[in-house]
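This report refers to the structure that appears directly beneath it.
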Number of protein chains: 2
Amino acid sequence: MLEDKSQNLTPIAKLGEFGLIKHLTQHFQIIQDSTKISVGDDAAVIDPGNKKVVISTDMLAEGVHFNLGYVPLKHLGYKAVVVNLSDIAAMNAVPTQILVSVAVSNRFPVEALEEIYSGIALACDRYKVDLIGGDTTSSNAGLVLSITAIGLADEDKTTKRNGAKPNDLLVVTGDLGGAYMGLQILEREHSVYLANPNMQPEMEGYDYILERQLKPEARTDIRKTLEELDILPSSMIDVSDGLASEILHLSDQSGVGFHLYEEKVPMDSVTISTADELNLNPAMAALNGGEDYELLFTISPNDFDKIRNHPDFTIIGHATENKDNFLIARGSNQLIPLTAQGWDAFLNKE
Amino acid sequence: MLEDKSQNLTPIAKLGEFGLIKHLTQHFQIIQDSTKISVGDDAAVIDPGNKKVVISTDMLAEGVHFNLGYVPLKHLGYKAVVVNLSDIAAMNAVPTQILVSVAVSNRFPVEALEEIYSGIALACDRYKVDLIGGDTTSSNAGLVLSITAIGLADEDKTTKRNGAKPNDLLVVTGDLGGAYMGLQILEREHSVYLANPNMQPEMEGYDYILERQLKPEARTDIRKTLEELDILPSSMIDVSDGLASEILHLSDQSGVGFHLYEEKVPMDSVTISTADELNLNPAMAALNGGEDYELLFTISPNDFDKIRNHPDFTIIGHATENKDNFLIARGSNQLIPLTAQGWDAFLNKE
């Protein structure tokens, strides 16, 4: 499907660089008022009004962040946008624009890039962001996607990583560990397929965790929910590398420690049952798995009543004076030092 | 030098992803007032004041845009920034911030990345821009650099590609063709070196064109010069792919044609003498070579007196009603149709 084996597929060189960009971006609509100049000039122009501009960039490399053996190109495009919008959401900003650069070898036909861009278009539509620029180039080897996301925010509403105070409550959205367990199923079934291409993959019952891995969503809804609850987090970060790693970032930058209660960490039942099936510790998936793209934040203990029992949020711990960070193990008061074993592109190569 | 052959070099995995980013960015200073949050949070925050935000991104891939056989890593870092600032300059904006993402294989030691970042730091210092974010990842193959540049501008001062009117004068800064001729010398000497590593490269006398290729500068000075002359170009673009290709972009987007006078195209004497030496047509180097990063723009004929004899500018042609584009050949009135044979990453692979 991916490589250009068929005579019916279009080699990229046929369109050339400018023709390709035009071809891939022609159906994207501009919907944000702040977008003044989009694709097609030397640069895009944004009118932020009286807002501050929030900007983040992420790079995804084939064989490191994704395996084209089991990641459909459309999902790849969608997810590449989502992981960037998640960073904007973690600043308490509204995502408004993206720029997309793709390096791709000539073994990919134009149709493969169309698939990636159809996923990007779906994400743009879902999150109401404009594609305003980018670059397309050939590469001598794998596929590399680089996305820059832009958002707008009131300066006094942006949530940094450095504002947590002792006794602040540690809160997370949604549930954790699902994306990691989804990846385990994808890798298991891919190995089975490689061993015997006639075997049907066994994906039934895993829908939730597969979607968490292949088509995650950014919690851009949380900004509004917090605003309605009249809560401004004292610090915030998105869970991309794993809960433990993110807690250590908040700890490091805020100069506080954290106690995390293992039994409070929210997990879906499919995450737990799949972990059991694969003989893995579900808590480890939540702590170190990463790619959940939920938001982790701290709030003043005075805001406790506003957030308790809210379906979007779970209080999982609190900040401490001492900079040491501990996991309180399930069913005991045992303090286990919290260490980051999160995902690292330079260590965990597939 | 590049690959990790020595025991004294540091493998990237030793630092890990976060350690690496910290290590590479720790010495960068923030100098722009508009930079509110820089490297180290989920996203950077910019306060544009009452300005519009101009944003552009470019991706450079090893073996396509650069050959590490003869491009020093420090120069690569510098040039990667400059080509992006050139796009901001082409919008008549002041560059203020950059984000840098690098995908690099584990064959590169940390010291190689330090070299790239030392070039990036030099460009940041030279152009007074802040490094405010980015990403670093491993890749299964070559080196890929993706840079996003941000600038600030007054909306009524931005120069698009679509404003040229019939009879407008076509003006270019500096001189053209040098970067291309520099590349020819680098490739010649690299071939000689590959054939016989004991041969000394013959670079003497080629300094100007080698610098044009290896360490180009962005014409961020031109905005101020034009402002002092009270000239607002009706359209503007930077010369990255070659003069012919850029003229066709202005023509296409403005709906006018152009007549270009070959004998007016400014070229340095080293560009011309090197072209003679290599039996190449110097005009072709200017028209199709690209990478000169000069600015090409159109102005009202009423501004003629303001710009004539100015050392930064050369009037090389004019816009016409008819959308056809012609080169007026040197020493004749012969009209030759202008076609783009500019640099295309999908066609001109090394």
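Ligands are numbered from 1 in the order shown, chains are lettered A, B, ... in the order of the structure tokens, and residues start at 1 in each chain.
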
Pick out the residues sitting within 12 Å of Leu295 of chain B, and hand them over as a compact mmCIF listing (two decimals) with N, CA and C atoms, in the first residue's frame; count only C-alpha atoms, and ignore anything fewer than 3 positions along from it in its own chain.
```txt
# COMPACT_ATOMS: atom_id res chain seq x y z
N ASP A 42 5.74 33.93 1.01
CA ASP A 42 6.99 33.58 1.68
C ASP A 42 6.75 33.17 3.12
N VAL B 83 18.05 30.88 5.94
CA VAL B 83 17.07 30.70 4.86
C VAL B 83 15.65 30.98 5.37
N LEU B 85 14.98 33.17 7.97
CA LEU B 85 14.89 34.62 8.21
C LEU B 85 14.69 35.37 6.89
N SER B 86 15.24 34.79 5.83
CA SER B 86 15.07 35.40 4.51
C SER B 86 13.59 35.45 4.12
N ASP B 87 12.84 34.41 4.47
CA ASP B 87 11.40 34.41 4.19
C ASP B 87 10.68 35.50 4.98
N ILE B 88 11.11 35.71 6.22
CA ILE B 88 10.50 36.77 7.03
C ILE B 88 10.83 38.14 6.43
N ALA B 89 12.10 38.30 6.01
CA ALA B 89 12.51 39.56 5.37
C ALA B 89 11.70 39.83 4.10
N ALA B 90 11.35 38.76 3.39
CA ALA B 90 10.60 38.91 2.14
C ALA B 90 9.17 39.39 2.38
N MET B 91 8.70 39.31 3.64
CA MET B 91 7.38 39.85 3.99
C MET B 91 7.50 41.27 4.54
N ASN B 92 8.72 41.83 4.53
CA ASN B 92 8.97 43.18 5.06
C ASN B 92 8.79 43.21 6.59
N THR B 159 4.61 42.74 2.67
CA THR B 159 4.72 42.70 1.20
C THR B 159 4.44 41.30 0.71
N ARG B 161 3.15 38.48 -2.46
CA ARG B 161 3.62 38.20 -3.82
C ARG B 161 2.63 38.68 -4.87
N LEU B 170 10.99 46.02 -11.70
CA LEU B 170 11.45 44.80 -11.04
C LEU B 170 12.87 45.06 -10.51
N VAL B 171 13.04 44.90 -9.19
CA VAL B 171 14.29 45.28 -8.54
C VAL B 171 14.84 44.09 -7.76
N VAL B 172 16.16 43.94 -7.76
CA VAL B 172 16.77 42.88 -6.95
C VAL B 172 17.89 43.49 -6.11
N THR B 173 18.12 42.91 -4.92
CA THR B 173 19.22 43.36 -4.06
C THR B 173 20.48 42.56 -4.40
N GLY B 174 21.64 43.11 -4.04
CA GLY B 174 22.91 42.36 -4.13
C GLY B 174 23.22 41.84 -5.51
N ASP B 175 23.82 40.66 -5.55
CA ASP B 175 24.13 40.03 -6.84
C ASP B 175 23.71 38.57 -6.82
N LEU B 176 23.58 38.00 -8.01
CA LEU B 176 23.00 36.65 -8.13
C LEU B 176 23.97 35.65 -8.76
N GLU B 217 23.72 35.23 3.82
CA GLU B 217 23.08 36.13 4.78
C GLU B 217 21.68 36.47 4.28
N ALA B 218 20.77 36.72 5.23
CA ALA B 218 19.41 37.14 4.88
C ALA B 218 19.39 38.66 4.81
N ARG B 219 18.67 39.22 3.85
CA ARG B 219 18.66 40.67 3.67
C ARG B 219 17.65 41.32 4.61
N THR B 220 17.85 41.11 5.91
CA THR B 220 16.97 41.73 6.91
C THR B 220 17.25 43.23 7.01
N ASP B 221 18.34 43.70 6.38
CA ASP B 221 18.66 45.14 6.39
C ASP B 221 17.78 45.94 5.42
N ILE B 222 17.21 45.25 4.44
CA ILE B 222 16.51 45.95 3.36
C ILE B 222 15.22 46.64 3.83
N ARG B 223 14.54 46.05 4.81
CA ARG B 223 13.29 46.65 5.30
C ARG B 223 13.52 48.10 5.73
N LEU B 226 14.44 50.45 2.75
CA LEU B 226 13.26 50.84 1.98
C LEU B 226 12.41 51.84 2.74
N PRO B 233 7.36 48.19 -1.37
CA PRO B 233 7.25 47.37 -2.59
C PRO B 233 5.81 46.91 -2.82
N SER B 235 5.16 44.14 -4.41
CA SER B 235 5.24 42.69 -4.18
C SER B 235 6.69 42.37 -3.83
N MET B 236 6.90 41.28 -3.12
CA MET B 236 8.28 40.91 -2.77
C MET B 236 8.38 39.40 -2.53
N ILE B 237 9.56 38.85 -2.82
CA ILE B 237 9.85 37.41 -2.65
C ILE B 237 11.35 37.29 -2.44
N ASP B 238 11.80 36.23 -1.78
CA ASP B 238 13.25 36.06 -1.70
C ASP B 238 13.73 35.08 -2.77
N VAL B 239 14.99 35.24 -3.18
CA VAL B 239 15.52 34.43 -4.28
C VAL B 239 16.15 33.16 -3.70
N SER B 240 15.32 32.15 -3.47
CA SER B 240 15.83 30.90 -2.93
C SER B 240 15.96 29.83 -4.01
N ASP B 241 15.05 29.83 -4.98
CA ASP B 241 15.07 28.79 -6.01
C ASP B 241 15.66 29.24 -7.34
N GLY B 242 15.99 30.51 -7.47
CA GLY B 242 16.50 31.04 -8.73
C GLY B 242 15.63 32.17 -9.22
N LEU B 243 16.25 33.15 -9.85
CA LEU B 243 15.54 34.35 -10.29
C LEU B 243 14.33 34.03 -11.18
N GLU B 246 11.39 32.68 -9.21
CA GLU B 246 10.76 33.71 -8.36
C GLU B 246 9.94 34.69 -9.19
N ILE B 247 10.48 35.07 -10.36
CA ILE B 247 9.71 35.97 -11.24
C ILE B 247 8.39 35.32 -11.63
N GLY B 290 19.72 29.64 -7.84
CA GLY B 290 19.06 29.73 -6.53
C GLY B 290 20.03 29.87 -5.37
N GLU B 291 19.45 29.90 -4.16
CA GLU B 291 20.18 29.97 -2.89
C GLU B 291 20.94 31.28 -2.68
N ASP B 292 20.61 32.32 -3.45
CA ASP B 292 21.29 33.60 -3.24
C ASP B 292 20.70 34.38 -2.06
N THR B 298 8.92 44.44 -6.57
CA THR B 298 8.44 45.39 -7.57
C THR B 298 8.08 46.70 -6.87
N ASP B 312 22.47 49.24 -3.06
CA ASP B 312 21.86 47.96 -2.68
C ASP B 312 20.95 47.38 -3.76
N PHE B 313 20.55 48.21 -4.73
CA PHE B 313 19.47 47.78 -5.62
C PHE B 313 19.87 47.85 -7.10
N THR B 314 19.33 46.92 -7.87
CA THR B 314 19.48 46.98 -9.32
C THR B 314 18.11 46.77 -9.96
```

Counting only C-alpha atoms, what are the residues of chain A within 6 Å of chain B, and for each of them which pair of atoms is the nearest and at what distance in Å, to one decimal? Sort the table by chain and rising number, as a Markdown table.
```
| residue | atom | partner | partner_atom | distance |
| --- | --- | --- | --- | --- |
| A:Ala13 | CA | B:Phe346 | CA | 5.3 |
| A:Gly16 | CA | B:Phe346 | CA | 5.9 |
| A:Glu17 | CA | B:Asp344 | CA | 5.9 |
| A:Asp42 | CA | B:Asp87 | CA | 5.1 |
| A:Ala43 | CA | B:Ser56 | CA | 4.5 |
| A:Ala44 | CA | B:Ile55 | CA | 5.2 |
| A:Val45 | CA | B:Val54 | CA | 4.5 |
| A:Ile46 | CA | B:Val53 | CA | 5.0 |
| A:Asp47 | CA | B:Lys52 | CA | 4.9 |
| A:Lys52 | CA | B:Asp47 | CA | 4.9 |
| A:Val53 | CA | B:Ile46 | CA | 5.0 |
| A:Val54 | CA | B:Val45 | CA | 4.5 |
| A:Ile55 | CA | B:Ala44 | CA | 5.2 |
| A:Ser56 | CA | B:Ala43 | CA | 4.5 |
| A:Thr57 | CA | B:Gly134 | CA | 5.6 |
| A:Asp58 | CA | B:Asp135 | CA | 5.6 |
| A:Ala61 | CA | B:Ser139 | CA | 5.9 |
| A:Asp87 | CA | B:Asp42 | CA | 5.1 |
| A:Gly134 | CA | B:Thr57 | CA | 5.6 |
| A:Asp135 | CA | B:Asp58 | CA | 5.6 |
| A:Thr137 | CA | B:Ala345 | CA | 5.6 |
| A:Ser138 | CA | B:Phe346 | CA | 5.5 |
| A:Ser139 | CA | B:Ala61 | CA | 5.9 |
| A:Ala141 | CA | B:Ala141 | CA | 5.9 |
| A:Asp344 | CA | B:Glu17 | CA | 5.8 |
| A:Ala345 | CA | B:Thr137 | CA | 5.5 |
| A:Phe346 | CA | B:Ala13 | CA | 5.3 |
| A:Leu347 | CA | B:Ala13 | CA | 6.0 |
```

Would you give me, as a ChimeraX atom specification, the residues in segment 27-124 of chain B that DSSP reads as alpha helix (DSSP H)? /B:73-89,110-124

As an exercise, work out the distance from atom CA of Leu9 of chain A to atom CA of Ala80 of chain A in Å and give it to one decimal place.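 Computing the Euclidean distance for atom CA of Leu9 of chain A and atom CA of Ala80 of chain A yields 24.5 Å.
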
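Proximity to Tyr261 of chain B at 6 Å, evaluated using only C-alpha atoms and with sequence-adjacent residues fewer than 3 positions away removed, yields B:Lys264, B:Ile316, B:Gly317, B:Ile328.
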
Rounded to one decimal place, report the atom CA of Ile30 of chain A-atom CA of Val82 of chain A distance in Å.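 It comes out at 18.3 Å.
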
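Of the listed residues (A:Leu229, A:Ala329, A:Ile209, A:Leu68), A:Ile209 comes nearest to Ser273 of chain A; the distances count only C-alpha atoms.
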
Tell me which of A:Asp268, A:Leu194, A:His27, A:Val94 sits closest to Leu122 of chain A, counting only C-alpha atoms.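 Among the listed residues, the smallest separation from Leu122 of chain A belongs to A:His27.
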
Members of segment 87-125 of chain B assigned strand (DSSP E) by DSSP, as an NGL selection string: :B and (94-104)

To one decimal place in Å, what is the distance between atom CA of Asp276 of chain A and atom CA of Gly177 of chain A? 12.9 Å

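Residue nearest Cys124 of chain A within the list A:Ile31, A:Leu24, A:Val71, A:Ala179: A:Ile31 [criterion: smallest interatomic distance, only C-alpha atoms].
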
Using only C-alpha atoms for the distances, tell me which of B:Ala112, B:Leu73, B:Val129, B:Val81 is nearest to Tyr293 of chain B. B:Val81
